Amino acid sequence: MNSKNADFAALLSRAADAETSADPSSVMTLLAETDGPGGGFTTYRSSFAEGAVGAPAHFHTKATELFFVISGSLQVLVGDEITVLNAGDFLAVPPHTPHAFAAAPGCEADVLFIFTPGMARFDYLRLLGSVMRGETDPKKIAESSERYDNHYVDSPVWREALAGS
């Protein structure tokens with residue numbers, strides 16, 4: 001790979017070596033994160049069981065969040081609209097846009113997530129897994145919103161969609 005113009009060195013993450021964080025309804029595989037001068041990225045893969053709720057409504061002030069559905073179907077909220085992403089679909093959610101996601105009703109989902117610019121978001125994913133497993137007080141998530149650029153919002157549209165699932 002010619003990385004003459006890159007702001008970071010080439011980075012290879014082997015699936016066999018990647019850290020995983022599991023909770024009762026999903027497995028996150030932490031692939032790579034950088035925060036170099038070019039902005040970097042955070043990349044992880046989540047496999048959601050049928051009925052799994054991914055993230056409540058939230059937004060990021062700095063990061064664009066990219067979704068690529070590897071297999072299955074993912075129900076997503078973007079602003080006040082709900083749509084279903086299927087295998088092969090891609091979505092980019094810009095900063096300050098409320099969004100949420102869950103396995104689509106009756107489906108599993110395997111999704112690649114990328115955040116740019118990158119930051120130490122793996123610590124947030126570890127914290128999230130710990131809360132979902134009942135090992136850590138959920139208040140720790142709220143306390144971490146500025147550090148990890150996750151700002152939770154109320155979304156009646158999302159609550160209604162989950163209730164109907």
# chains A, B, ... in the order shown; residues from 1 in each chain; ligands from 1
$ residues_around --residues "Ala32 of chain A" --least-positions-apart "6" --cutoff "12 Å" --atoms "only C-alpha atoms" --output "list in words"
Ala10, Leu11, Leu12, Ser13, Arg14, Ala15, Asp17, Ala18, Glu19, Thr20, Gly40, Phe41, Thr42, Thr43, Tyr44, Arg45, Leu112, Phe113, Ile114, Phe115, Thr116, Gly118, Met119, Ala120, Arg121 and Phe122 of chain A
$ closest_atom_pairs --of "segment 45-114 of chain A" --to "segment 135-152 of chain A" --cutoff "10 Å" --atoms "only C-alpha atoms" --output "CSV"
residue,atom,partner,partner_atom,distance
A:Ala55,CA,A:Tyr152,CA,9.5
A:Pro56,CA,A:Tyr152,CA,7.2
A:Ala57,CA,A:Tyr152,CA,5.9
A:His58,CA,A:Tyr152,CA,4.0
A:Phe59,CA,A:His151,CA,5.3
A:His60,CA,A:Asp149,CA,5.3
A:Thr61,CA,A:Asp149,CA,6.3
A:Lys62,CA,A:Asp149,CA,7.0
A:Ala63,CA,A:Asp149,CA,7.7
A:Pro95,CA,A:Asp149,CA,9.9
A:His96,CA,A:His151,CA,9.2
A:Pro98,CA,A:Tyr152,CA,8.4
A:His99,CA,A:Tyr152,CA,9.4
A:Ala100,CA,A:Tyr152,CA,9.7
$ write_last_selection --atoms "N, CA, C and O atoms" --output "CSV table (one decimal), in the first residue's frame"
chain,number,residue,atom,x,y,z
A,55,ALA,N,-28.7,1.1,19.9
A,55,ALA,CA,-28.4,2.3,20.6
A,55,ALA,C,-29.7,3.2,20.7
A,55,ALA,O,-30.5,3.3,19.7
A,56,PRO,N,-30.0,3.8,21.8
A,56,PRO,CA,-31.1,4.7,21.9
A,56,PRO,C,-30.8,6.0,21.1
A,56,PRO,O,-29.7,6.2,20.6
A,57,ALA,N,-31.8,6.8,21.0
A,57,ALA,CA,-31.6,8.0,20.2
A,57,ALA,C,-30.5,8.9,20.8
A,57,ALA,O,-30.5,9.1,22.0
A,58,HIS,N,-29.6,9.3,19.9
A,58,HIS,CA,-28.5,10.1,20.3
A,58,HIS,C,-27.9,10.9,19.1
A,58,HIS,O,-28.3,10.6,18.0
A,59,PHE,N,-26.9,11.7,19.4
A,59,PHE,CA,-26.2,12.4,18.3
A,59,PHE,C,-24.8,12.6,18.7
A,59,PHE,O,-24.4,12.4,19.9
A,60,HIS,N,-23.9,12.9,17.7
A,60,HIS,CA,-22.5,13.2,18.0
A,60,HIS,C,-22.3,14.6,17.5
A,60,HIS,O,-22.9,15.1,16.5
A,61,THR,N,-21.5,15.4,18.2
A,61,THR,CA,-21.2,16.8,17.8
A,61,THR,C,-20.0,16.9,16.9
A,61,THR,O,-19.9,17.8,16.2
A,62,LYS,N,-19.1,15.9,17.0
A,62,LYS,CA,-17.9,15.9,16.2
A,62,LYS,C,-17.8,14.9,15.1
A,62,LYS,O,-17.3,15.1,14.0
A,63,ALA,N,-18.4,13.7,15.3
A,63,ALA,CA,-18.2,12.6,14.4
A,63,ALA,C,-19.4,12.3,13.4
A,63,ALA,O,-20.5,12.5,13.8
A,95,PRO,N,-22.7,14.8,11.9
A,95,PRO,CA,-22.8,15.4,13.3
A,95,PRO,C,-24.1,16.1,13.5
A,95,PRO,O,-24.7,16.7,12.6
A,96,HIS,N,-24.6,16.1,14.7
A,96,HIS,CA,-25.8,16.8,15.2
A,96,HIS,C,-27.1,16.3,14.7
A,96,HIS,O,-28.1,16.9,14.8
A,98,PRO,N,-29.8,13.4,15.2
A,98,PRO,CA,-30.3,12.4,16.1
A,98,PRO,C,-30.5,11.1,15.3
A,98,PRO,O,-31.0,11.1,14.2
A,99,HIS,N,-30.0,10.0,15.9
A,99,HIS,CA,-30.2,8.7,15.2
A,99,HIS,C,-30.2,7.6,16.3
A,99,HIS,O,-29.8,7.8,17.4
A,100,ALA,N,-30.7,6.4,15.9
A,100,ALA,CA,-30.7,5.2,16.8
A,100,ALA,C,-30.8,4.0,15.9
A,100,ALA,O,-31.1,4.1,14.7
$ residues_around --residues "segment 154-162 of chain A" --least-positions-apart "6" --cutoff "12 Å" --atoms "only C-alpha atoms" --output "PyMOL selection string"
chain A and resi 51-59+75-84+98-105
$ residues_around --residues "Phe48 of chain A" --least-positions-apart "3" --cutoff "7 Å" --atoms "only C-alpha atoms" --output "list in words"
Ser25, Ser26, Val27, Ala52, Ala103, Glu108, Ala109 and Asp110 of chain A
$ atom_distance --atom1 "atom CA of Thr29 of chain A" --atom2 "atom CA of Thr97 of chain A"
24.9 Å
$ select_by_dssp --residues "segment 29-165 of chain A" --states "alpha helix (DSSP H)" --output "short mmCIF file (atom, residue, chain, number, x, y, z; two decimals) with all heavy atoms, in the first residue's frame"
data_model
loop_
_atom_site.label_atom_id
_atom_site.label_comp_id
_atom_site.auth_asym_id
_atom_site.auth_seq_id
_atom_site.Cartn_x
_atom_site.Cartn_y
_atom_site.Cartn_z
N PHE A 122 -13.38 3.02 21.82
CA PHE A 122 -13.42 1.63 22.30
C PHE A 122 -13.72 1.58 23.79
O PHE A 122 -14.42 0.68 24.25
CB PHE A 122 -12.11 0.91 22.01
CG PHE A 122 -11.96 0.42 20.58
CD1 PHE A 122 -12.92 0.68 19.61
CD2 PHE A 122 -10.84 -0.29 20.21
CE1 PHE A 122 -12.78 0.22 18.32
CE2 PHE A 122 -10.68 -0.76 18.92
CZ PHE A 122 -11.64 -0.50 17.96
N ASP A 123 -13.20 2.54 24.55
CA ASP A 123 -13.50 2.57 25.99
C ASP A 123 -15.00 2.75 26.23
O ASP A 123 -15.56 2.17 27.16
CB ASP A 123 -12.70 3.66 26.71
CG ASP A 123 -11.24 3.29 26.87
OD1 ASP A 123 -10.89 2.08 26.78
OD2 ASP A 123 -10.43 4.21 27.07
N TYR A 124 -15.66 3.53 25.40
CA TYR A 124 -17.10 3.69 25.51
C TYR A 124 -17.81 2.37 25.20
O TYR A 124 -18.73 1.97 25.90
CB TYR A 124 -17.61 4.79 24.57
CG TYR A 124 -19.12 4.80 24.50
CD1 TYR A 124 -19.87 5.34 25.55
CD2 TYR A 124 -19.80 4.24 23.44
CE1 TYR A 124 -21.26 5.32 25.52
CE2 TYR A 124 -21.18 4.22 23.39
CZ TYR A 124 -21.90 4.76 24.44
OH TYR A 124 -23.27 4.73 24.41
N LEU A 125 -17.38 1.68 24.15
CA LEU A 125 -18.00 0.41 23.78
C LEU A 125 -17.81 -0.64 24.88
O LEU A 125 -18.72 -1.42 25.17
CB LEU A 125 -17.44 -0.09 22.45
CG LEU A 125 -17.72 0.83 21.26
CD1 LEU A 125 -16.97 0.36 20.03
CD2 LEU A 125 -19.20 0.96 20.99
N ARG A 126 -16.65 -0.62 25.52
CA ARG A 126 -16.43 -1.53 26.65
C ARG A 126 -17.37 -1.18 27.80
O ARG A 126 -17.93 -2.07 28.44
CB ARG A 126 -14.98 -1.43 27.10
CG ARG A 126 -13.98 -1.99 26.11
CD ARG A 126 -12.54 -1.79 26.59
NE ARG A 126 -11.61 -2.19 25.57
CZ ARG A 126 -10.79 -1.34 24.92
NH1 ARG A 126 -10.76 -0.05 25.23
NH2 ARG A 126 -9.98 -1.80 23.99
N LEU A 127 -17.51 0.12 28.08
CA LEU A 127 -18.41 0.58 29.13
C LEU A 127 -19.84 0.16 28.80
O LEU A 127 -20.57 -0.35 29.67
CB LEU A 127 -18.32 2.10 29.28
CG LEU A 127 -19.34 2.76 30.20
CD1 LEU A 127 -19.17 2.27 31.64
CD2 LEU A 127 -19.20 4.29 30.12
N LEU A 128 -20.26 0.35 27.58
CA LEU A 128 -21.61 -0.01 27.16
C LEU A 128 -21.86 -1.50 27.38
O LEU A 128 -22.90 -1.90 27.91
CB LEU A 128 -21.81 0.37 25.69
CG LEU A 128 -23.18 0.13 25.10
CD1 LEU A 128 -24.24 0.93 25.85
CD2 LEU A 128 -23.18 0.50 23.63
N GLY A 129 -20.92 -2.33 26.97
CA GLY A 129 -21.06 -3.77 27.17
C GLY A 129 -21.19 -4.12 28.64
O GLY A 129 -22.02 -4.95 29.03
N SER A 130 -20.41 -3.46 29.47
CA SER A 130 -20.44 -3.70 30.91
C SER A 130 -21.80 -3.31 31.51
O SER A 130 -22.35 -4.03 32.35
CB SER A 130 -19.31 -2.92 31.58
OG SER A 130 -19.32 -3.09 32.96
N VAL A 131 -22.35 -2.21 31.05
CA VAL A 131 -23.68 -1.77 31.52
C VAL A 131 -24.73 -2.77 31.06
O VAL A 131 -25.60 -3.19 31.83
CB VAL A 131 -24.00 -0.34 31.03
CG1 VAL A 131 -25.47 0.00 31.24
CG2 VAL A 131 -23.11 0.67 31.74
N MET A 132 -24.67 -3.18 29.79
CA MET A 132 -25.66 -4.12 29.24
C MET A 132 -25.61 -5.48 29.94
O MET A 132 -26.62 -6.15 30.04
CB MET A 132 -25.46 -4.29 27.74
CG MET A 132 -25.69 -3.03 26.93
SD MET A 132 -27.39 -2.46 26.99
CE MET A 132 -28.18 -3.71 26.01
N LYS A 139 -25.69 4.95 35.02
CA LYS A 139 -25.36 6.38 35.17
C LYS A 139 -23.99 6.70 34.56
O LYS A 139 -23.74 7.83 34.16
CB LYS A 139 -25.35 6.78 36.64
CG LYS A 139 -26.71 6.78 37.29
CD LYS A 139 -26.59 7.17 38.75
CE LYS A 139 -27.87 6.87 39.49
NZ LYS A 139 -27.74 7.06 40.93
N LYS A 140 -23.11 5.70 34.50
CA LYS A 140 -21.77 5.91 33.94
C LYS A 140 -21.84 6.29 32.46
O LYS A 140 -21.00 7.03 31.97
CB LYS A 140 -20.90 4.66 34.10
CG LYS A 140 -20.61 4.30 35.54
CD LYS A 140 -19.67 5.29 36.16
CE LYS A 140 -19.30 4.85 37.56
NZ LYS A 140 -18.50 5.85 38.25
N ILE A 141 -22.88 5.80 31.77
CA ILE A 141 -23.05 6.17 30.36
C ILE A 141 -23.35 7.66 30.25
O ILE A 141 -22.72 8.38 29.47
CB ILE A 141 -24.20 5.35 29.71
CG1 ILE A 141 -23.87 3.86 29.71
CG2 ILE A 141 -24.53 5.87 28.32
CD1 ILE A 141 -22.85 3.43 28.71
N ALA A 142 -24.31 8.15 31.04
CA ALA A 142 -24.66 9.58 31.01
C ALA A 142 -23.46 10.45 31.39
O ALA A 142 -23.24 11.50 30.79
CB ALA A 142 -25.84 9.85 31.94
N GLU A 143 -22.70 9.99 32.37
CA GLU A 143 -21.53 10.75 32.82
C GLU A 143 -20.44 10.83 31.75
O GLU A 143 -19.57 11.70 31.82
CB GLU A 143 -20.95 10.12 34.09
CG GLU A 143 -21.87 10.22 35.29
CD GLU A 143 -21.42 9.37 36.47
OE1 GLU A 143 -20.36 8.70 36.38
OE2 GLU A 143 -22.13 9.35 37.48
N SER A 145 -20.91 11.26 28.39
CA SER A 145 -21.38 11.78 27.11
C SER A 145 -20.41 12.75 26.45
O SER A 145 -20.18 12.67 25.24
CB SER A 145 -22.76 12.42 27.25
OG SER A 145 -22.71 13.54 28.08
N GLU A 146 -19.83 13.66 27.18
CA GLU A 146 -18.88 14.61 26.58
C GLU A 146 -17.59 13.92 26.15
O GLU A 146 -17.07 14.17 25.07
CB GLU A 146 -18.55 15.75 27.56
CG GLU A 146 -19.68 16.74 27.74
CD GLU A 146 -20.06 17.47 26.46
OE1 GLU A 146 -19.17 17.80 25.64
OE2 GLU A 146 -21.27 17.69 26.27
N ARG A 147 -17.09 13.05 27.00
CA ARG A 147 -15.82 12.37 26.72
C ARG A 147 -15.89 11.55 25.44
O ARG A 147 -14.96 11.51 24.66
CB ARG A 147 -15.45 11.47 27.91
CG ARG A 147 -14.11 10.80 27.78
CD ARG A 147 -13.70 10.07 29.04
NE ARG A 147 -14.69 10.19 30.10
CZ ARG A 147 -15.04 9.20 30.90
NH1 ARG A 147 -14.48 8.03 30.82
NH2 ARG A 147 -15.96 9.38 31.84
N TYR A 148 -17.03 10.88 25.21
CA TYR A 148 -17.15 9.99 24.06
C TYR A 148 -18.04 10.55 22.95
O TYR A 148 -18.33 9.86 21.98
CB TYR A 148 -17.67 8.62 24.50
CG TYR A 148 -16.74 7.94 25.46
CD1 TYR A 148 -17.17 7.59 26.73
CD2 TYR A 148 -15.41 7.67 25.12
CE1 TYR A 148 -16.31 6.97 27.63
CE2 TYR A 148 -14.55 7.05 26.01
CZ TYR A 148 -15.00 6.70 27.26
OH TYR A 148 -14.15 6.08 28.14
N PRO A 156 -39.76 10.32 20.68
CA PRO A 156 -41.03 9.61 20.70
C PRO A 156 -41.20 8.68 19.49
O PRO A 156 -41.77 7.61 19.61
CB PRO A 156 -42.07 10.73 20.70
CG PRO A 156 -41.34 11.92 21.28
CD PRO A 156 -39.92 11.77 20.80
N VAL A 157 -40.70 9.09 18.33
CA VAL A 157 -40.79 8.26 17.13
C VAL A 157 -40.06 6.94 17.34
O VAL A 157 -40.57 5.86 16.99
CB VAL A 157 -40.20 9.02 15.91
CG1 VAL A 157 -40.09 8.13 14.69
CG2 VAL A 157 -41.03 10.26 15.58
N TRP A 158 -38.87 6.99 17.93
CA TRP A 158 -38.09 5.77 18.16
C TRP A 158 -38.73 4.91 19.24
O TRP A 158 -38.80 3.70 19.09
CB TRP A 158 -36.64 6.12 18.51
CG TRP A 158 -35.74 4.93 18.60
CD1 TRP A 158 -35.07 4.48 19.70
CD2 TRP A 158 -35.40 4.02 17.55
NE1 TRP A 158 -34.34 3.37 19.41
CE2 TRP A 158 -34.53 3.05 18.09
CE3 TRP A 158 -35.76 3.91 16.22
CZ2 TRP A 158 -34.00 2.00 17.33
CZ3 TRP A 158 -35.23 2.88 15.45
CH2 TRP A 158 -34.37 1.93 16.01
N ARG A 159 -39.22 5.54 20.31
CA ARG A 159 -39.88 4.77 21.37
C ARG A 159 -41.08 4.02 20.79
O ARG A 159 -41.32 2.86 21.11
CB ARG A 159 -40.32 5.67 22.52
CG ARG A 159 -39.20 5.97 23.49
CD ARG A 159 -39.69 6.69 24.75
NE ARG A 159 -39.86 8.12 24.47
CZ ARG A 159 -41.00 8.77 24.53
NH1 ARG A 159 -42.11 8.17 24.89
NH2 ARG A 159 -41.06 10.05 24.25
N GLU A 160 -41.86 4.69 19.95
CA GLU A 160 -43.02 4.07 19.33
C GLU A 160 -42.63 2.91 18.42
O GLU A 160 -43.27 1.86 18.40
CB GLU A 160 -43.82 5.12 18.56
CG GLU A 160 -45.09 4.59 17.94
CD GLU A 160 -45.87 5.68 17.23
OE1 GLU A 160 -46.00 6.79 17.80
OE2 GLU A 160 -46.33 5.41 16.10
N ALA A 161 -41.55 3.11 17.65
CA ALA A 161 -41.08 2.05 16.75
C ALA A 161 -40.65 0.82 17.53
O ALA A 161 -40.97 -0.31 17.16
CB ALA A 161 -39.93 2.55 15.88
N LEU A 162 -39.95 1.02 18.64
CA LEU A 162 -39.50 -0.12 19.45
C LEU A 162 -40.67 -0.81 20.12
O LEU A 162 -40.69 -2.03 20.26
CB LEU A 162 -38.48 0.33 20.49
CG LEU A 162 -37.12 0.77 19.95
CD1 LEU A 162 -36.21 1.20 21.09
CD2 LEU A 162 -36.46 -0.30 19.09
N ALA A 163 -41.67 -0.04 20.53
CA ALA A 163 -42.84 -0.62 21.20
C ALA A 163 -43.64 -1.49 20.23
O ALA A 163 -44.24 -2.48 20.62
CB ALA A 163 -43.73 0.47 21.77
#
$ atom_distance --atom1 "atom CA of Ala92 of chain A" --atom2 "atom CA of Phe68 of chain A"
8.9 Å
